[in-house]
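Have a look at query-v6.pdb; it's PDB, C-alpha atoms:
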```
ATOM      1  CA  MET A   1      16.907  -7.893  -2.023
ATOM      2  CA  GLU A   2      17.148  -7.249  -5.727
ATOM      3  CA  SER A   3      15.644  -3.857  -6.413
ATOM      4  CA  GLU A   4      13.835  -5.135  -9.524
ATOM      5  CA  ALA A   5      11.761  -7.433  -7.299
ATOM      6  CA  LEU A   6      10.241  -4.634  -5.188
ATOM      7  CA  ALA A   7       7.010  -4.164  -7.179
ATOM      8  CA  GLY A   8       4.165  -5.935  -5.402
ATOM      9  CA  ARG A   9       6.049  -6.182  -2.103
ATOM     10  CA  LEU A  10       5.406  -4.410   1.159
ATOM     11  CA  LEU A  11       7.603  -1.844   2.830
ATOM     12  CA  VAL A  12       6.975  -1.973   6.560
ATOM     13  CA  ALA A  13       8.329   0.984   8.508
ATOM     14  CA  THR A  14      10.833  -0.017  11.170
ATOM     15  CA  PRO A  15      10.436   1.537  14.630
ATOM     16  CA  VAL A  16      13.421   3.835  13.936
ATOM     17  CA  LEU A  17      11.683   5.528  10.977
ATOM     18  CA  GLY A  18      10.712   8.862  12.504
ATOM     19  CA  ASP A  19       9.274  10.645   9.443
ATOM     20  CA  PRO A  20       5.651  11.376  10.449
ATOM     21  CA  ASN A  21       4.504  10.614   6.892
ATOM     22  CA  PHE A  22       5.677   7.024   7.260
ATOM     23  CA  ARG A  23       5.754   6.236  10.973
ATOM     24  CA  ARG A  24       4.313   2.709  11.485
ATOM     25  CA  THR A  25       3.127   2.501   7.899
ATOM     26  CA  VAL A  26       2.757  -0.387   5.511
ATOM     27  CA  VAL A  27       3.415   0.647   1.906
ATOM     28  CA  LEU A  28       2.571  -1.466  -1.125
ATOM     29  CA  VAL A  29       5.117  -0.890  -3.896
ATOM     30  CA  VAL A  30       3.024  -0.313  -7.015
ATOM     31  CA  GLU A  31       5.795   0.474  -9.515
ATOM     32  CA  HIS A  32       9.549   0.198  -9.332
ATOM     33  CA  GLU A  33      11.937   1.219 -12.080
ATOM     34  CA  PRO A  34      15.552   1.242 -10.813
ATOM     35  CA  GLU A  35      16.515   4.101 -13.167
ATOM     36  CA  GLN A  36      13.374   6.176 -12.600
ATOM     37  CA  GLY A  37      12.282   5.528  -9.029
ATOM     38  CA  THR A  38       9.544   3.907  -6.999
ATOM     39  CA  LEU A  39       5.861   4.564  -6.402
ATOM     40  CA  GLY A  40       3.833   3.070  -3.577
ATOM     41  CA  VAL A  41       0.720   3.640  -1.505
ATOM     42  CA  VAL A  42       0.379   3.660   2.259
ATOM     43  CA  LEU A  43      -2.187   0.980   3.084
ATOM     44  CA  ASN A  44      -2.958   1.845   6.692
ATOM     45  CA  ARG A  45      -3.831   5.556   6.820
ATOM     46  CA  PRO A  46      -7.612   5.991   6.445
ATOM     47  CA  THR A  47      -9.021   9.503   6.457
ATOM     48  CA  LYS A  48     -12.509  10.471   7.598
ATOM     49  CA  VAL A  49     -13.457  11.531   4.048
ATOM     50  CA  PRO A  50     -16.037   9.182   2.497
ATOM     51  CA  VAL A  51     -15.237   7.974  -1.020
ATOM     52  CA  GLY A  52     -18.636   9.333  -2.091
ATOM     53  CA  GLN A  53     -17.617  12.848  -1.127
ATOM     54  CA  VAL A  54     -14.802  12.955  -3.689
ATOM     55  CA  LEU A  55     -15.528  10.142  -6.173
ATOM     56  CA  GLU A  56     -19.262   9.490  -5.842
ATOM     57  CA  PRO A  57     -19.515   7.056  -8.807
ATOM     58  CA  TRP A  58     -17.048   4.691  -7.081
ATOM     59  CA  THR A  59     -18.844   4.582  -3.715
ATOM     60  CA  ASP A  60     -20.605   1.252  -4.257
ATOM     61  CA  LEU A  61     -17.361  -0.482  -5.296
ATOM     62  CA  ALA A  62     -15.225   0.787  -2.399
ATOM     63  CA  THR A  63     -14.264  -1.761   0.239
ATOM     64  CA  SER A  64     -15.144  -1.006   3.856
ATOM     65  CA  PRO A  65     -14.142   1.250   5.428
ATOM     66  CA  SER A  66     -15.419   3.212   2.438
ATOM     67  CA  VAL A  67     -13.183   6.228   2.995
ATOM     68  CA  VAL A  68     -10.307   7.750   1.089
ATOM     69  CA  PHE A  69      -6.910   6.658   2.402
ATOM     70  CA  THR A  70      -3.823   8.864   2.565
ATOM     71  CA  GLY A  71      -1.630   7.120   0.021
ATOM     72  CA  GLY A  72       1.432   9.245   0.771
ATOM     73  CA  PRO A  73       2.782  12.765   0.851
ATOM     74  CA  VAL A  74       3.283  13.188  -2.924
ATOM     75  CA  ALA A  75       0.444  14.796  -4.932
ATOM     76  CA  PRO A  76      -2.098  14.681  -2.071
ATOM     77  CA  ASN A  77      -4.785  16.281  -4.260
ATOM     78  CA  SER A  78      -4.671  13.463  -6.787
ATOM     79  CA  ALA A  79      -6.352  10.079  -6.424
ATOM     80  CA  LEU A  80      -5.482   6.563  -7.434
ATOM     81  CA  ALA A  81      -7.209   3.294  -6.711
ATOM     82  CA  LEU A  82      -6.192  -0.308  -6.227
ATOM     83  CA  ALA A  83      -8.519  -3.171  -7.044
ATOM     84  CA  HIS A  84      -8.467  -6.937  -6.715
ATOM     85  CA  VAL A  85      -9.757  -8.676  -9.831
ATOM     86  CA  PRO A  86      -9.933 -12.481  -9.599
ATOM     87  CA  GLY A  87      -9.674 -14.711 -12.632
ATOM     88  CA  THR A  88      -7.542 -14.159 -15.681
ATOM     89  CA  ASP A  89      -9.322 -11.378 -17.571
ATOM     90  CA  GLU A  90      -8.056  -7.807 -17.621
ATOM     91  CA  PRO A  91     -11.145  -5.611 -17.595
ATOM     92  CA  VAL A  92     -11.059  -2.251 -19.334
ATOM     93  CA  GLY A  93      -9.835   0.391 -16.884
ATOM     94  CA  TRP A  94      -7.720  -1.980 -14.758
ATOM     95  CA  HIS A  95      -3.992  -2.625 -15.075
ATOM     96  CA  PRO A  96      -2.231  -5.329 -13.003
ATOM     97  CA  LEU A  97       0.804  -4.474 -10.916
ATOM     98  CA  ASP A  98       4.066  -5.323 -12.615
ATOM     99  CA  SER A  99       4.988  -7.853  -9.966
ATOM    100  CA  PRO A 100       6.636 -11.256 -10.213
ATOM    101  CA  ALA A 101       4.888 -12.286  -6.956
ATOM    102  CA  PRO A 102       1.987 -14.633  -7.742
ATOM    103  CA  ALA A 103       0.159 -13.676  -4.523
ATOM    104  CA  VAL A 104      -0.498 -10.149  -5.792
ATOM    105  CA  ALA A 105      -0.842 -10.947  -9.495
ATOM    106  CA  ARG A 106      -4.504  -9.932  -9.470
ATOM    107  CA  LEU A 107      -3.963  -6.577  -7.744
ATOM    108  CA  GLY A 108      -3.886  -3.594 -10.031
ATOM    109  CA  LEU A 109      -4.491   0.087 -10.568
ATOM    110  CA  VAL A 110      -7.868   1.399 -11.640
ATOM    111  CA  ASP A 111      -8.407   4.206 -14.130
ATOM    112  CA  LEU A 112     -10.708   6.446 -12.093
ATOM    113  CA  ASP A 113     -11.742   8.251 -15.291
ATOM    114  CA  ALA A 114     -13.272   5.017 -16.619
ATOM    115  CA  PRO A 115     -16.979   4.442 -15.987
ATOM    116  CA  PRO A 116     -17.275   2.298 -12.818
ATOM    117  CA  GLY A 117     -19.850   0.133 -14.576
ATOM    118  CA  LEU A 118     -17.126  -1.254 -16.849
ATOM    119  CA  LEU A 119     -15.347  -2.694 -13.820
ATOM    120  CA  ALA A 120     -18.174  -3.401 -11.393
ATOM    121  CA  ALA A 121     -18.646  -7.063 -12.335
ATOM    122  CA  ALA A 122     -14.906  -7.822 -12.198
ATOM    123  CA  ILE A 123     -13.838  -6.086  -8.968
ATOM    124  CA  VAL A 124     -14.118  -7.822  -5.595
ATOM    125  CA  SER A 125     -12.227  -5.152  -3.607
ATOM    126  CA  LEU A 126     -11.352  -1.513  -4.281
ATOM    127  CA  ARG A 127      -9.635   1.172  -2.250
ATOM    128  CA  VAL A 128      -9.066   4.839  -3.124
ATOM    129  CA  TYR A 129      -5.925   6.743  -2.106
ATOM    130  CA  ALA A 130      -5.204  10.465  -2.037
ATOM    131  CA  GLY A 131      -1.578  10.946  -3.007
ATOM    132  CA  TYR A 132       1.191   8.400  -3.070
ATOM    133  CA  ALA A 133       4.649   7.671  -1.723
ATOM    134  CA  GLY A 134       7.488   8.285  -4.152
ATOM    135  CA  TRP A 135      11.237   7.798  -4.166
ATOM    136  CA  SER A 136      13.749   8.904  -6.769
ATOM    137  CA  ALA A 137      16.159   6.405  -8.317
ATOM    138  CA  GLY A 138      18.281   4.827  -5.579
ATOM    139  CA  GLN A 139      16.547   6.691  -2.734
ATOM    140  CA  LEU A 140      14.401   3.791  -1.513
ATOM    141  CA  GLN A 141      17.280   1.325  -1.662
ATOM    142  CA  ALA A 142      19.353   3.728   0.448
ATOM    143  CA  GLU A 143      16.541   3.921   3.022
ATOM    144  CA  ILE A 144      16.271   0.113   3.097
ATOM    145  CA  ASP A 145      20.049  -0.165   3.551
ATOM    146  CA  GLU A 146      19.859   2.360   6.438
ATOM    147  CA  GLY A 147      17.289   0.174   8.212
ATOM    148  CA  ALA A 148      14.203   2.348   7.699
ATOM    149  CA  TRP A 149      12.130  -0.369   6.004
ATOM    150  CA  TYR A 150      11.526  -4.101   6.231
ATOM    151  CA  VAL A 151      10.753  -5.558   2.796
ATOM    152  CA  VAL A 152       8.259  -8.426   3.043
ATOM    153  CA  SER A 153       5.803 -10.317   0.859
ATOM    154  CA  ALA A 154       2.342  -8.901   0.344
ATOM    155  CA  GLU A 155      -0.987 -10.664   0.443
ATOM    156  CA  PRO A 156      -3.947  -9.337  -1.576
ATOM    157  CA  SER A 157      -5.945  -8.792   1.622
ATOM    158  CA  ASP A 158      -3.320  -6.317   2.911
ATOM    159  CA  ALA A 159      -4.545  -3.650   0.504
ATOM    160  CA  PHE A 160      -8.139  -4.043   1.700
ATOM    161  CA  CYS A 161      -7.707  -4.688   5.411
ATOM    162  CA  ALA A 162     -10.951  -4.061   7.340
ATOM    163  CA  GLU A 163      -8.951  -2.773  10.322
ATOM    164  CA  PRO A 164      -6.166  -0.689   8.760
ATOM    165  CA  GLY A 165      -4.954   0.477  12.174
ATOM    166  CA  GLN A 166      -3.942  -3.119  12.928
ATOM    167  CA  LEU A 167      -2.131  -3.778   9.635
ATOM    168  CA  TRP A 168       1.375  -2.772  10.807
ATOM    169  CA  PRO A 169       1.533  -5.242  13.722
ATOM    170  CA  ALA A 170      -0.375  -7.923  11.785
ATOM    171  CA  VAL A 171       2.092  -7.897   8.872
ATOM    172  CA  LEU A 172       5.045  -8.019  11.254
ATOM    173  CA  ARG A 173       3.536 -10.858  13.329
ATOM    174  CA  ARG A 174       2.971 -13.079  10.308
ATOM    175  CA  GLN A 175       6.674 -12.837   9.418
ATOM    176  CA  GLY A 176       7.564 -14.795  12.535
ATOM    177  CA  GLY A 177      10.925 -14.689  14.278
ATOM    178  CA  GLU A 178      12.449 -11.347  15.152
ATOM    179  CA  LEU A 179       9.906  -9.325  13.162
ATOM    180  CA  ALA A 180       7.048 -10.826  15.179
ATOM    181  CA  TYR A 181       8.686  -9.328  18.269
ATOM    182  CA  VAL A 182       8.938  -5.933  16.557
ATOM    183  CA  ALA A 183       5.120  -5.970  16.280
ATOM    184  CA  THR A 184       5.004  -5.451  20.050
ATOM    185  CA  TYR A 185       7.354  -2.446  19.979
ATOM    186  CA  PRO A 186       5.670   0.296  22.022
ATOM    187  CA  ASP A 187       4.398   3.387  20.264
ATOM    188  CA  ASP A 188       6.529   5.519  22.581
ATOM    189  CA  PRO A 189       9.329   3.494  24.199
ATOM    190  CA  GLY A 190      10.045   6.421  26.548
ATOM    191  CA  LEU A 191       6.805   5.686  28.399
ATOM    192  CA  ASN A 192       7.979   2.227  29.537
TER     193      ASN A 192
END
```

Would you mind writing the structure in this file as structure tokens?
Amino acid sequence: MESEALAGRLLVATPVLGDPNFRRTVVLVVEHEPEQGTLGVVLNRPTKVPVGQVLEPWTDLATSPSVVFTGGPVAPNSALALAHVPGTDEPVGWHPLDSPAPAVARLGLVDLDAPPGLLAAAIVSLRVYAGYAGWSAGQLQAEIDEGAWYVVSAEPSDAFCAEPGQLWPAVLRRQGGELAYVATYPDDPGLN
């Protein structure tokens, strides 16, 4: 896997990844600069905090479940948002991911300081994340080489999954082959 091609791809935690911040997570790589590092958001960690409690103006645009998601352990008091914008226009306040993958070409980051009304007509899905996942230059590639992550293609619907608790096995199952079997890996193999 060429490291330059990571933006717009998914990192799926392997069963051996024991870090509680990333256990059974699916992370969308939002930015990847080989010399500077990588930024991503965990797609399958909803909180119980309604979007309206922290970013009330964005409530009506948030995709169900309309809660803030834990995007990762870095800067947990900051927020970022992903949105799906169909078509070819780039509305004010939205920036597409820098990804060569056509499937996620219309996913992008939202400027949460912009008035939601500027984006309302263009957005079909939006999710808000508290914090993000970050890796310094070379760190993520080392983790991939150690077997902590599977790197797979993303689909736009992954970022807005209605049942985020089922995203990890669903992404693995759709890969087929050996990874489909990993989807059935027990949460605690010691209980078998």

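Point (-16.4, 11.0, 6.2) has the following residues at most 12 Å away: A:Pro46, A:Thr47, A:Lys48, A:Val49, A:Pro50, A:Val51, A:Gly52, A:Gln53, A:Val54, A:Pro65, A:Ser66, A:Val67, A:Val68, A:Phe69 (atoms considered: all atoms listed in the file).
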
- Would you list the contacts of Ala81 of chain A as an NGL selection string, taking every protein, DNA or RNA residue within 7 Å and counting all atoms listed in the file, but skipping same-chain residues closer than 6 positions in sequence? :A and (109-110 or 126-129)

*Which residues come within 12 Å of segment 166-168 of chain A, counting all atoms listed in the file, excluding same-chain residues fewer than 2 positions away, as a count of residues only?*
43

Notebook entry, point to check: Quick one: which residues end up in the PyMOL selection byres ((chain A and resi 116-118) around 9) for this structure, as an MDAnalysis selection string?
Noted result: chainID A and resid 57:58 61 91:93 112:115 119:122

Q: Give as a count of residues only the residues that the PyMOL selection byres ((chain A and resi 8) around 10) matches when applied to the coordinates above.
A: 30

* Asked: For the file shown, what are the residues hit by the PyMOL selection byres ((chain A and resi 75) around 9), laid out as a VMD selection string?
  -> chain A and resid 72 to 74 76 to 79 130 to 133

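The smallest atom-to-atom distance between His84 of chain A and any of A:Ser136, A:Thr38, A:Ser125, A:Asn21, using all atoms listed in the file, is found for A:Ser125.
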
Report the distance between atom CA of Glu143 of chain A and atom CA of Asp19 of chain A in Å, rounded to one decimal place.
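Separation between atom CA of Glu143 of chain A and atom CA of Asp19 of chain A: 11.8 Å.
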
Worksheet item: So which one's closest to Leu140 of chain A, A:Gly37, A:Pro186, A:Pro169, A:Gly177? Using all atoms listed in the file, please.
Response: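 So, comparing all the options, the nearest one is A:Gly37.
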
Point-to-point distance from atom CA of Ile123 of chain A to atom CA of Gly165 of chain A, Å rounded to tenths
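Distance between the two atoms: 23.9 Å.
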
Worksheet item: Between A:Gln36, A:Glu90, A:Tyr181, A:Val124, which is the closest to Ser64 of chain A once you count only C-alpha atoms?
Response: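 Going through A:Gln36, A:Glu90, A:Tyr181, A:Val124 one by one, the smallest distance to Ser64 of chain A is for A:Val124.
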
Practice task
Take atom CA of Glu33 of chain A and atom CA of Gly134 of chain A and report the distance between them in Å, one decimal.
Solution key: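 That distance, rounded to one decimal, is 11.5 Å.
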